[in-house]
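Okay, upload31.txt now, which holds compact mmCIF, C-alpha atoms:
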```txt
# COMPACT_ATOMS: atom_id res chain seq x y z
CA MET K 266 -16.98 9.72 1.04
CA LEU K 267 -15.72 7.46 3.79
CA VAL K 268 -12.02 6.63 3.84
CA ILE K 269 -11.80 3.18 5.44
CA PRO K 270 -8.52 1.69 6.70
CA ALA K 271 -7.93 -2.00 6.11
CA VAL K 272 -6.67 -4.45 8.70
CA ASP K 273 -5.73 -7.71 6.96
CA ILE K 274 -4.93 -10.69 9.18
CA LYS K 275 -2.72 -13.60 8.22
CA GLY K 276 -1.23 -16.01 10.74
CA GLY K 277 -2.57 -13.82 13.53
CA ARG K 278 -0.58 -10.80 12.36
CA CYS K 279 -1.42 -7.59 10.51
CA VAL K 280 -0.10 -7.87 6.95
CA ARG K 281 -0.56 -6.55 3.43
CA LEU K 282 -0.28 -8.62 0.27
CA PHE K 283 0.96 -7.51 -3.14
CA GLN K 284 -1.87 -8.05 -5.65
CA GLY K 285 -3.40 -10.56 -3.25
CA LEU K 286 -0.54 -13.05 -3.57
CA ALA K 287 -0.22 -15.19 -0.44
CA ASP K 288 3.54 -15.52 -0.79
CA GLN K 289 4.14 -11.78 -1.17
CA GLU K 290 3.26 -10.41 2.22
CA THR K 291 4.64 -7.60 4.33
CA ILE K 292 4.10 -7.77 8.09
CA TYR K 293 3.10 -4.45 9.64
CA GLY K 294 2.26 -5.56 13.17
CA GLU K 295 2.07 -8.55 15.47
CA ASP K 296 -1.27 -7.46 16.96
CA PRO K 297 -4.12 -6.50 14.59
CA ALA K 298 -6.12 -5.04 17.49
CA VAL K 299 -3.35 -2.55 18.21
CA MET K 300 -3.39 -1.47 14.58
CA ALA K 301 -7.17 -1.13 14.63
CA ARG K 302 -6.94 1.19 17.65
CA LYS K 303 -4.26 3.22 15.88
CA TRP K 304 -6.51 3.89 12.89
CA GLU K 305 -9.46 4.68 15.13
CA GLY K 306 -7.24 7.17 16.95
CA GLU K 307 -6.45 8.87 13.65
CA GLY K 308 -10.11 9.46 12.92
CA ALA K 309 -11.34 6.31 11.17
CA GLU K 310 -15.12 5.96 11.28
CA PHE K 311 -15.20 2.40 9.94
CA LEU K 312 -12.75 -0.51 9.65
CA HIS K 313 -12.36 -3.05 6.86
CA VAL K 314 -11.08 -6.33 8.33
CA VAL K 315 -10.16 -9.39 6.26
CA ASP K 316 -9.19 -12.84 7.47
CA LEU K 317 -6.79 -13.68 4.65
CA ASP K 318 -6.26 -17.23 5.86
CA GLY K 319 -10.02 -17.66 5.84
CA ALA K 320 -10.22 -16.37 2.27
CA PHE K 321 -7.65 -18.91 1.10
CA LYS K 322 -8.94 -21.85 3.19
CA GLY K 323 -12.67 -21.26 2.79
CA TYR K 324 -13.49 -20.93 6.48
CA PRO K 325 -12.53 -18.39 9.19
CA LYS K 326 -9.07 -18.94 10.68
CA ASN K 327 -8.31 -15.81 12.74
CA TRP K 328 -11.50 -15.43 14.73
CA GLU K 329 -9.80 -14.67 18.06
CA GLU K 330 -7.95 -11.75 16.49
CA VAL K 331 -11.19 -10.48 14.98
CA ARG K 332 -12.95 -10.73 18.33
CA ARG K 333 -10.18 -8.73 19.96
CA ILE K 334 -10.56 -6.00 17.35
CA VAL K 335 -14.32 -5.84 17.94
CA ASN K 336 -13.71 -5.50 21.66
CA SER K 337 -10.92 -2.95 21.23
CA VAL K 338 -12.57 -0.25 19.13
CA ASN K 339 -15.75 1.80 19.30
CA ILE K 340 -16.28 2.11 15.56
CA PRO K 341 -18.08 -0.41 13.34
CA ILE K 342 -16.17 -3.04 11.39
CA GLU K 343 -16.94 -5.05 8.30
CA LEU K 344 -15.42 -8.51 8.07
CA GLY K 345 -14.64 -10.80 5.15
CA GLY K 346 -12.69 -13.97 4.54
CA GLY K 347 -14.10 -17.50 4.49
CA ILE K 348 -17.63 -16.66 5.64
CA ARG K 349 -19.66 -18.96 3.46
CA SER K 350 -22.73 -20.17 5.36
CA PRO K 351 -25.80 -18.50 6.92
CA GLU K 352 -24.79 -19.96 10.28
CA MET K 353 -21.37 -18.35 10.11
CA VAL K 354 -22.88 -15.03 9.01
CA GLU K 355 -25.17 -15.09 12.04
CA LYS K 356 -22.32 -16.03 14.38
CA VAL K 357 -20.15 -13.18 13.13
CA LEU K 358 -22.93 -10.60 13.41
CA ASN K 359 -23.84 -11.80 16.89
CA GLU K 360 -20.24 -11.30 17.97
CA GLY K 361 -20.44 -7.60 17.21
CA VAL K 362 -19.32 -7.27 13.60
CA SER K 363 -21.48 -4.64 11.90
CA ARG K 364 -21.60 -6.16 8.44
CA VAL K 365 -20.29 -9.23 6.67
CA ILE K 366 -18.45 -9.25 3.37
CA ILE K 367 -19.30 -12.13 1.04
CA GLY K 368 -16.82 -12.81 -1.75
CA SER K 369 -16.49 -16.21 -3.43
CA LYS K 370 -20.00 -17.28 -2.45
CA ALA K 371 -21.39 -14.28 -4.32
CA VAL K 372 -20.27 -16.02 -7.51
CA ASP K 373 -20.71 -19.66 -6.56
CA SER K 374 -24.28 -19.53 -5.33
CA PRO K 375 -26.91 -16.91 -6.24
CA ASP K 376 -29.41 -18.92 -4.17
CA PHE K 377 -27.18 -18.46 -1.12
CA LEU K 378 -27.07 -14.72 -1.74
CA GLU K 379 -30.85 -14.49 -2.02
CA LEU K 380 -31.20 -16.47 1.22
CA ILE K 381 -28.84 -14.33 3.28
CA PHE K 382 -30.17 -11.10 1.76
CA ARG K 383 -33.69 -12.00 2.87
CA GLU K 384 -32.42 -12.72 6.38
CA PHE K 385 -29.77 -10.04 6.92
CA LYS K 386 -30.46 -7.34 4.31
CA ASP K 387 -27.92 -4.49 4.34
CA ARG K 388 -25.73 -6.19 6.93
CA ILE K 389 -24.35 -8.21 4.00
CA VAL K 390 -22.04 -6.54 1.51
CA PRO K 391 -21.00 -8.57 -1.55
CA SER K 392 -17.39 -8.16 -2.63
CA ILE K 393 -16.44 -8.15 -6.28
CA ASP K 394 -12.75 -8.76 -6.89
CA ALA K 395 -11.82 -8.26 -10.54
CA ARG K 396 -8.87 -8.11 -12.88
CA ASP K 397 -9.39 -6.69 -16.37
CA GLY K 398 -13.11 -6.70 -15.63
CA ILE K 399 -13.25 -10.45 -14.86
CA VAL K 400 -14.27 -11.69 -11.41
CA LEU K 401 -11.75 -13.62 -9.30
CA VAL K 402 -12.58 -15.93 -6.37
CA LYS K 403 -10.97 -17.99 -3.58
CA GLY K 404 -8.47 -15.44 -2.42
CA TRP K 405 -8.06 -14.16 -6.01
CA GLU K 406 -6.47 -17.47 -7.00
CA GLU K 407 -9.15 -18.53 -9.49
CA SER K 408 -10.64 -16.68 -12.44
CA THR K 409 -14.32 -17.08 -13.37
CA ASP K 410 -16.46 -16.60 -16.45
CA PHE K 411 -18.22 -13.65 -14.83
CA LYS K 412 -17.70 -10.06 -15.85
CA ALA K 413 -17.76 -7.73 -12.86
CA VAL K 414 -20.54 -5.65 -14.37
CA GLU K 415 -22.69 -8.73 -15.02
CA LEU K 416 -22.29 -9.87 -11.41
CA GLY K 417 -23.15 -6.38 -10.22
CA LYS K 418 -26.42 -6.44 -12.15
CA ILE K 419 -27.30 -9.82 -10.61
CA LEU K 420 -26.62 -8.46 -7.13
CA LYS K 421 -28.79 -5.43 -7.74
CA LYS K 422 -31.63 -7.62 -8.97
CA ILE K 423 -31.45 -9.61 -5.72
CA GLY K 424 -31.81 -6.35 -3.80
CA PHE K 425 -28.30 -5.37 -2.76
CA ARG K 426 -27.55 -1.66 -2.86
CA LEU K 427 -23.84 -1.66 -2.03
CA VAL K 428 -20.77 -3.64 -3.10
CA ILE K 429 -17.07 -3.55 -2.37
CA TYR K 430 -15.17 -3.45 -5.65
CA THR K 431 -11.46 -4.34 -5.67
CA ASP K 432 -9.31 -4.06 -8.75
CA THR K 433 -6.75 -6.76 -8.01
CA ALA K 434 -4.33 -5.61 -10.71
CA VAL K 435 -3.57 -2.44 -8.75
CA ASP K 436 -4.15 -3.66 -5.19
CA GLY K 437 -1.04 -3.24 -3.08
CA THR K 438 0.89 -1.56 -5.89
CA LEU K 439 0.49 2.09 -4.80
CA ASN K 440 -0.04 2.94 -8.48
CA GLY K 441 -3.42 4.60 -8.01
CA PRO K 442 -6.97 3.26 -8.38
CA ASN K 443 -8.38 2.10 -11.71
CA LEU K 444 -10.73 5.04 -12.12
CA PRO K 445 -12.12 4.06 -15.56
CA ALA K 446 -13.12 0.59 -14.31
CA ILE K 447 -14.74 2.05 -11.21
CA GLU K 448 -16.69 4.61 -13.22
CA GLU K 449 -17.81 2.01 -15.76
CA PHE K 450 -19.10 -0.27 -13.02
CA LEU K 451 -21.01 2.55 -11.34
CA ASP K 452 -22.52 3.70 -14.63
CA GLN K 453 -23.63 0.25 -15.76
CA THR K 454 -24.92 -1.22 -12.49
CA GLY K 455 -26.38 1.70 -10.55
CA LEU K 456 -25.03 0.16 -7.34
CA GLY K 457 -23.35 2.03 -4.54
CA MET K 458 -19.68 1.17 -4.20
CA ILE K 459 -16.79 1.10 -1.77
CA ALA K 460 -13.67 1.03 -3.96
CA ALA K 461 -10.42 -0.71 -3.08
CA GLY K 462 -7.06 -1.15 -4.73
CA GLY K 463 -4.18 1.12 -5.63
CA LEU K 464 -4.73 4.10 -3.33
CA SER K 465 -1.39 5.79 -2.72
CA ARG K 466 -1.73 9.53 -2.14
CA LEU K 467 -4.13 12.32 -1.32
CA GLU K 468 -4.77 13.06 -5.00
CA ASP K 469 -6.33 9.59 -5.33
CA ILE K 470 -8.88 10.50 -2.66
CA VAL K 471 -9.68 13.75 -4.47
CA ASN K 472 -10.16 11.91 -7.77
CA LEU K 473 -12.36 9.24 -6.23
CA LYS K 474 -14.50 11.80 -4.47
CA LYS K 475 -15.51 13.15 -7.88
CA LEU K 476 -17.36 9.84 -8.39
CA GLU K 477 -19.58 10.34 -5.34
CA ARG K 478 -22.37 11.65 -7.56
CA LYS K 479 -22.32 8.32 -9.41
CA GLY K 480 -22.62 6.22 -6.27
CA LEU K 481 -19.14 5.91 -4.79
CA ILE K 482 -19.59 6.13 -1.02
CA GLY K 483 -16.22 4.98 0.29
CA ALA K 484 -12.64 3.99 -0.43
CA ILE K 485 -10.52 1.40 1.35
CA THR K 486 -6.88 2.16 1.99
CA GLY K 487 -4.28 -0.35 3.09
CA LYS K 488 -0.67 -0.29 2.03
CA ALA K 489 -0.58 3.49 1.55
CA ILE K 490 -1.30 4.24 5.20
CA TYR K 491 1.03 1.47 6.39
CA GLU K 492 3.88 2.70 4.20
CA GLY K 493 3.17 6.34 4.97
CA THR K 494 2.51 7.57 1.43
CA LEU K 495 -0.97 8.60 2.58
CA ASN K 496 -1.83 10.25 5.88
CA LEU K 497 -5.09 8.74 7.10
CA ALA K 498 -6.32 11.83 8.97
CA ALA K 499 -5.70 14.03 5.93
CA ALA K 500 -7.39 11.50 3.64
CA ILE K 501 -10.45 11.40 5.89
CA ARG K 502 -10.70 15.19 5.79
CA ALA K 503 -10.34 15.20 1.99
CA GLY K 504 -13.12 12.64 1.66
CA ARG K 505 -15.65 14.66 3.61
```
Go ahead and express the file in the form of structure tokens.
Amino acid sequence: MLVIPAVDIKGGRCVRLFQGLADQETIYGEDPAVMARKWEGEGAEFLHVVDLDGAFKGYPKNWEEVRRIVNSVNIPIELGGGIRSPEMVEKVLNEGVSRVIIGSKAVDSPDFLELIFREFKDRIVPSIDARDGIVLVKGWEESTDFKAVELGKILKKIGFRLVIYTDTAVDGTLNGPNLPAIEEFLDQTGLGMIAAGGLSRLEDIVNLKKLERKGLIGAITGKAIYEGTLNLAAAIRAGR
């Protein structure tokens, strides 16, 4: 199981949000590229990068910072936040990003998902952000009528094999991941998953790893490694 550090960018700086709330941010660094190199130096094999301003605005806002990360590390990165057209997907991939995360558009337009899946296949990873099993969009500011499991089944029918699943109720809280929700999603959809939200300590990695046999292939960690409640190198070893 991959343990993937998150680098979230807002206003050009490396931050973390509490439960995705734009007005509850903690700044952890002025230069996201420096932070990306730090995590690579501690053994990260993949980076999860989010343009938070892009997620809220609906179009990328921190592209220069993303480009500097791509040029600063030797490991692949996945990028999300405001990427909502095939042209932007292509631009991002051509700039060296390994795969693109699609969030709000995954709900808004199944036709869009089918189009970009045909063109880019596994270089697209849909993101499902949910609270109490209900999908949220637009930087987690709007609730939808979709259940996370229902959306997962639609994605699998299109052809996707992997999703990023974030439980927004625990994200940034350091209260541990929502293991029952993760297991239910895996059982009912048959999709592979990278889980996010709530990681706080090494025991969380151990518990998540037990779900590998059901399709969990990775876990994203953010606040825990920034606050020091989780040692990234130790977490990576525990995930192997």
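Counting only C-alpha atoms and comparing K:Ala271, K:Leu312, K:Ile485, K:Ala498, the residue that lies closest to Tyr293 in chain K is K:Ala271.
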Query raised in the report: So how many Å separate CA of Leu495 in chain K and CA of Arg364 in chain K, to one decimal?
Result: 26.0 Å
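Distance-wise, CA of Ala489 in chain K and CA of Asn440 in chain K end up 10.1 Å apart.
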Taking every listed atom of range 450-462 of chain K and adding 8 Å to each side, what centre and edge lengths in Å (one decimal) does the axis-aligned box have, as AutoDock Vina command-line options?
```
--center_x -16.7 --center_y 1.2 --center_z -8.8 --size_x 35.3 --size_y 20.9 --size_z 30.0
```
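Closest approach to Ala503 in chain K from the set K:Glu415, K:Glu468, K:Glu477, K:Asp452 is made by K:Glu468, with distances taken over only C-alpha atoms.
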Query raised in the report: Quick one: residues within 10 Å of Lys370 in chain K, all atoms listed in the file counted, chain neighbours fewer than 3 positions away excluded, as a list in words?
Result: Gly323, Gly347, Ile348, Arg349, Ser350, Ile367, Asp373, Ser374, Pro375, Asp376, Phe377, Leu378, Pro391, Ser392, Val402 and Lys403 of chain K
Resulting file, chosen residues, C-alpha atoms, as a PDB file, in the frame of the given file:
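Final output, saved to result_7.pdb:
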```
ATOM      1  CA  GLY K 323     -12.670 -21.260   2.790  1.00  0.00           C
ATOM      2  CA  GLY K 347     -14.100 -17.500   4.490  1.00  0.00           C
ATOM      3  CA  ILE K 348     -17.630 -16.660   5.640  1.00  0.00           C
ATOM      4  CA  ARG K 349     -19.660 -18.960   3.460  1.00  0.00           C
ATOM      5  CA  SER K 350     -22.730 -20.170   5.360  1.00  0.00           C
ATOM      6  CA  ILE K 367     -19.300 -12.130   1.040  1.00  0.00           C
ATOM      7  CA  ASP K 373     -20.710 -19.660  -6.560  1.00  0.00           C
ATOM      8  CA  SER K 374     -24.280 -19.530  -5.330  1.00  0.00           C
ATOM      9  CA  PRO K 375     -26.910 -16.910  -6.240  1.00  0.00           C
ATOM     10  CA  ASP K 376     -29.410 -18.920  -4.170  1.00  0.00           C
ATOM     11  CA  PHE K 377     -27.180 -18.460  -1.120  1.00  0.00           C
ATOM     12  CA  LEU K 378     -27.070 -14.720  -1.740  1.00  0.00           C
ATOM     13  CA  PRO K 391     -21.000  -8.570  -1.550  1.00  0.00           C
ATOM     14  CA  SER K 392     -17.390  -8.160  -2.630  1.00  0.00           C
ATOM     15  CA  VAL K 402     -12.580 -15.930  -6.370  1.00  0.00           C
ATOM     16  CA  LYS K 403     -10.970 -17.990  -3.580  1.00  0.00           C
TER      17      LYS K 403
END
```
Report task. Pick out the residues sitting within 10 Å of Ile342 in chain K, and hand them over as JSON, numbers by chain; count only C-alpha atoms, and ignore anything fewer than 3 positions along from it in its own chain. Result -> {"K": [269, 271, 272, 301, 310, 311, 312, 313, 314, 331, 334, 335, 338, 339, 361, 362, 363, 364, 365]}
Restricting it to C-alpha atoms, dump the selection as a PDB file, in the frame of the given file.
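As written to disk, result29.pdb reads:
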```pdb
ATOM      1  CA  ILE K 269     -11.800   3.180   5.440  1.00  0.00           C
ATOM      2  CA  ALA K 271      -7.930  -2.000   6.110  1.00  0.00           C
ATOM      3  CA  VAL K 272      -6.670  -4.450   8.700  1.00  0.00           C
ATOM      4  CA  ALA K 301      -7.170  -1.130  14.630  1.00  0.00           C
ATOM      5  CA  GLU K 310     -15.120   5.960  11.280  1.00  0.00           C
ATOM      6  CA  PHE K 311     -15.200   2.400   9.940  1.00  0.00           C
ATOM      7  CA  LEU K 312     -12.750  -0.510   9.650  1.00  0.00           C
ATOM      8  CA  HIS K 313     -12.360  -3.050   6.860  1.00  0.00           C
ATOM      9  CA  VAL K 314     -11.080  -6.330   8.330  1.00  0.00           C
ATOM     10  CA  VAL K 331     -11.190 -10.480  14.980  1.00  0.00           C
ATOM     11  CA  ILE K 334     -10.560  -6.000  17.350  1.00  0.00           C
ATOM     12  CA  VAL K 335     -14.320  -5.840  17.940  1.00  0.00           C
ATOM     13  CA  VAL K 338     -12.570  -0.250  19.130  1.00  0.00           C
ATOM     14  CA  ASN K 339     -15.750   1.800  19.300  1.00  0.00           C
ATOM     15  CA  GLY K 361     -20.440  -7.600  17.210  1.00  0.00           C
ATOM     16  CA  VAL K 362     -19.320  -7.270  13.600  1.00  0.00           C
ATOM     17  CA  SER K 363     -21.480  -4.640  11.900  1.00  0.00           C
ATOM     18  CA  ARG K 364     -21.600  -6.160   8.440  1.00  0.00           C
ATOM     19  CA  VAL K 365     -20.290  -9.230   6.670  1.00  0.00           C
TER      20      VAL K 365
END
```
Report task. Fewer than 2 positions away in the same chain doesn't count, so skip those; otherwise give me all residues within 12 Å of Glu492 in chain K, counting only C-alpha atoms, as a ChimeraX atom specification. Result -> /K:280-281,291-293,437-439,464-466,486-490,494-497
Just to be explicit: take each residue in the selection above, keep C-alpha atoms, and write the result as a PDB file, in the coordinates of the input.
```pdb
ATOM      1  CA  VAL K 280      -0.100  -7.870   6.950  1.00  0.00           C
ATOM      2  CA  ARG K 281      -0.560  -6.550   3.430  1.00  0.00           C
ATOM      3  CA  THR K 291       4.640  -7.600   4.330  1.00  0.00           C
ATOM      4  CA  ILE K 292       4.100  -7.770   8.090  1.00  0.00           C
ATOM      5  CA  TYR K 293       3.100  -4.450   9.640  1.00  0.00           C
ATOM      6  CA  GLY K 437      -1.040  -3.240  -3.080  1.00  0.00           C
ATOM      7  CA  THR K 438       0.890  -1.560  -5.890  1.00  0.00           C
ATOM      8  CA  LEU K 439       0.490   2.090  -4.800  1.00  0.00           C
ATOM      9  CA  LEU K 464      -4.730   4.100  -3.330  1.00  0.00           C
ATOM     10  CA  SER K 465      -1.390   5.790  -2.720  1.00  0.00           C
ATOM     11  CA  ARG K 466      -1.730   9.530  -2.140  1.00  0.00           C
ATOM     12  CA  THR K 486      -6.880   2.160   1.990  1.00  0.00           C
ATOM     13  CA  GLY K 487      -4.280  -0.350   3.090  1.00  0.00           C
ATOM     14  CA  LYS K 488      -0.670  -0.290   2.030  1.00  0.00           C
ATOM     15  CA  ALA K 489      -0.580   3.490   1.550  1.00  0.00           C
ATOM     16  CA  ILE K 490      -1.300   4.240   5.200  1.00  0.00           C
ATOM     17  CA  THR K 494       2.510   7.570   1.430  1.00  0.00           C
ATOM     18  CA  LEU K 495      -0.970   8.600   2.580  1.00  0.00           C
ATOM     19  CA  ASN K 496      -1.830  10.250   5.880  1.00  0.00           C
ATOM     20  CA  LEU K 497      -5.090   8.740   7.100  1.00  0.00           C
TER      21      LEU K 497
END
```
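For the atom pair formed by CA of Gln453 in chain K and CA of Val354 in chain K, the distance is 29.1 Å, given to one decimal.
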**Report entry** Polymer residues at most 12 Å from Lys475 in chain K, only C-alpha atoms, same-chain spacing of 6 or more positions, as a ChimeraX atom specification
**Finding:** /K:266,444,447-448,468-469,481-483,503-505
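Of the residues listed (K:Asp436, K:Glu343, K:Glu407, K:Glu352), K:Glu352 shows the shortest atom-to-atom separation from Ile381 in chain K; distances use all atoms listed in the file.
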Requested in this report: Pull the neighbourhood of (-24.0, -8.9, 3.9) for me: all residues within 6 Å in file coordinates, counting only C-alpha atoms, as a list in words.
Outcome: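 With a cut-off of 6 Å, the residues come to Arg364, Val365, Ile366, Asp387, Arg388, Ile389 and Val390 of chain K.
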Requested in this report: Point out the residue among K:Lys322, K:Lys303, K:Lys412, K:Lys356 with the least atom-to-atom distance to Ala446 in chain K, counting only C-alpha atoms.
Outcome: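 Among the listed residues, the smallest separation from Ala446 in chain K belongs to K:Lys412.
With distances restricted to all atoms listed in the file, K:Gly457 is the closest residue to Ile429 in chain K from K:Gly441, K:Gly457, K:Gly308, K:Gly463.
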Query raised in the report: Skipping near chain neighbours, those fewer than 5 positions away, what residues fall within 10 Å of Ser408 in chain K using all atoms listed in the file, listed as JSON, numbers by chain?
Result: {"K": [394, 395, 396, 399, 400, 401, 402, 403]}
